[in-house]
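Okay, structure first, notes after.
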Amino acid sequence: MQNQILYVWYLLTAVTILAALLVVLAKNPIHSVLSLVVTFFCLSAHYVLLNAQFLAVVNIIVYAGAIMVLFLFVIMFLNLREYTEETKSNFAKLGAAVVGGVTLVAIIAALKKVQYPMPMRYDVRTGFVETLGEVLFRDYLLPFELVTVLFFVAMVGAVMLGKREKGERHF
Amino acid sequence: MEVFWIKAIIVLVIFGLSLVVAMYSTWAERKVAGYMQDRPGPNRAGWGGLLQPLADAGKMFFKEDFIPLQANKWLFIAGPCLAMLTALMSSSVVPFGDTIKIGEHEIQVQGIEVNIGILWVFGVVSLGVYGVMVGGWASNNKFSLLGAIRAASQNISYELAMGLSLIAIIMLTGSLSVRDIVLSQHGAAWNLFYQPLGFIIFLVCAFAECNRTPFDLPECEAELVGGYHTEYSSMKLGFYLFAEYINMFVSSCVISALYFGGFNYPFMDKVAEALGSDATGHNIATAIGFGVFFAKALFFVFFFMWVRWTLPRFRYDQLMNLGWKNLIPLAILNVITTGIGILLDIRWFSWVAMIAIVIIAVAQSAMKPKSARGILEAAPSR
């Protein structure tokens with residue numbers, strides 16, 4: 001049983017990495033978006049393996065269900081005509097490769113230092129929605145409420161920016 | 001291991017049932033349409049036209065499968081597959097019946113019982129739009145693209161109101177599991193009697209999420225030829241249409257589980273008592289519950305058809321106004337009144353919101369001049 005789960009994990013991780021690479025490497029932006037959706041699904045599957053079904057489903061609802069649909073929506077509008085990717089200069093490519101490589105090295109170095117303390121007592125219910133709700137609404141109530149205020153402010157700001165002024169031409 | 005096989009059989013039966021129901025919904029839809037328009041409907045293939053779905057499927061399979069030259073081939077194929085996949089996924093958490101007793105095992109008549117069941121349904125519903133969007137975009141046709149974009153914006157808009165009306169149910173039950181929600185409506189204590197406003201909002205949103213009339217703007221043939229499936233032919237088109245009927249059946253199941261008590265019916269305790277508490281009696285009681293659930297679900301499938309052949313299609317701005325300016329505020333009001341009800345320990349408190357809204361609506365329509373009366377506001381003048 002343990003081994004089977006390990007195989008599932010390997011398979012999932014391979015698919016995740018493949019899909020994530022496709023996001024960056026695909027020429028067509030629609031393909032990128034769709035592989036990003038696949039990536040989110042694989043991440044949700046990882047959450048399920050960690051027995052955190054609530055996080056898995058919320059990840060699907062929020063990212064795959066709402067945000068990626070909006071992404072696809074916008075890109076479909078952009079992509080009406082044959083979209084030619086502007087070619088970057090070699091200098092920019094080189095710079096991007098160096099910066100990305102350095103960041104990768106820094107992340108790997110940082111991760112190698114990290115110790116993963118095993119929890120003293122393994123609790124199956126850690127990832128359940130009941131546990132999460134208790135923690136969120138008891139221990140972290142104030143930050144949670146403040147985040148809602150932040151979201152509200154962001155929403156009002158987006159509406160203000162997107163509002164059509166009187167007499168202005170709309171597309 | 002025995003439990004595994006019984007569970008597998010249950011899953012297969014649920015899968016087969018939703019396919020068969022979707023198949024015969026196409027027949028029933030045409031029969032209902034025929035009845036409402038005073039004509040017989042399909043009546044040639046088999047008794048009362050009962051073999052019509054098979055004949056249609058045969059026709060679909062033998063038609064030419066056409067892929068436009070400029071289309072994105074793989075995504076064009078993936079579109080209908082995604083539509084079918086997402087349509088079939090959501091029925092896995094719906095509890096179709098109570099438990100079956102076999103030996104010392106007690107097995108739930110349900111695909112999977114998870115503690116986030118209703119969120120699973122919600123998540124899969126929100127994914128349903130990918131099939132339409134991918135197919136519409138890959139066709140490389142402006143009408144298809146417009147249909148796909150309409151579908152996406154409609155689904156996103158109505159998801160919000162749907163989620164908010166679900167929150168009121170979750171607040172009443174205190175659980176995200178669909179089975180717990182159904183079990184909390186034991187007997188005749190159906191959520192419908194405590195959440196009238198939430199039920200209406202959920203029903204309207206279910207229509208919009210299934211792309212059914214009066215919300216079938218994505219396939220509005222008067223404006224968009226065929227909408228997102230303009231370029232589709234043969235069984236690919238068949239899959240799109242079939243996915244719509246499966247969606248209809250699954251949302252009918254979800255509506256009857258959330259608001260109409262699922263497999264609960266009045267005097268169910270007395271029936272269970274009369275049948276006895278041994279394995280056979282329990283299984284018979286479960287079967288009756290399953291039948292009751294199915295009858296409720298089929299009623300809602302009929303309701304979907306009834307509305308389709310009764311109401312005309314909305315205009316697009318009316319659709320958006322209804323979603324954003326009417327349903328979402330109403331759903332928030334419903335959440336607040338339900339919260340007050342929980343605080344005061346009065347379960348039926350959201351009737352207050354319902355009655356207040358009806359009074360306001362009646363007063364408003366009485367105040368309006370006669371020429372401006374209508375369900376919705378007129379289009380903004382440009």
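Going by the structure tokens order, chains are called A, B, ..., each with residues numbered from 1, while ligands are numbered from 1 in the order shown.
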
*Contact residues (chain B, partner chain A, 6 Å, only C-alpha atoms) as a ChimeraX atom specification*: /B:123,126-127

Now that the selection is made, can you save its residues with C-alpha atoms as an mmCIF file, in the first residue's frame?
```
data_model
loop_
_atom_site.group_PDB
_atom_site.id
_atom_site.type_symbol
_atom_site.label_atom_id
_atom_site.label_comp_id
_atom_site.auth_asym_id
_atom_site.auth_seq_id
_atom_site.Cartn_x
_atom_site.Cartn_y
_atom_site.Cartn_z
ATOM 1 C CA GLY B 123 -15.768 23.107 -8.248
ATOM 2 C CA SER B 126 -17.085 25.855 -12.358
ATOM 3 C CA LEU B 127 -14.888 23.683 -14.586
#
```

*asked:* When you look at region 254-261 of chain B with a cut-off of 10 Å (counting only C-alpha atoms), what residues show up, excluding the ones that are within fewer than 5 positions of it in the same chain? I need them as a PyMOL selection string.
replied: chain B and resi 90-91+93-96+118+121+166+169-170+178-179+181-196+198-199+202-203+206+248-249+266+292-300

*To one decimal in Å, tell me the separation between CA of Leu54 (chain B) and CA of Ile246 (chain B).*
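Taking CA of Leu54 (chain B) and CA of Ile246 (chain B), their separation equals 16.4 Å.
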
*region 111-303 of chain B: residues DSSP assigns to alpha helix (DSSP H), reported as an MDAnalysis selection string*: chainID B and resid 117:127 129:138 142:173 178:183 196:209 221:224 234:258 268:275 279:303
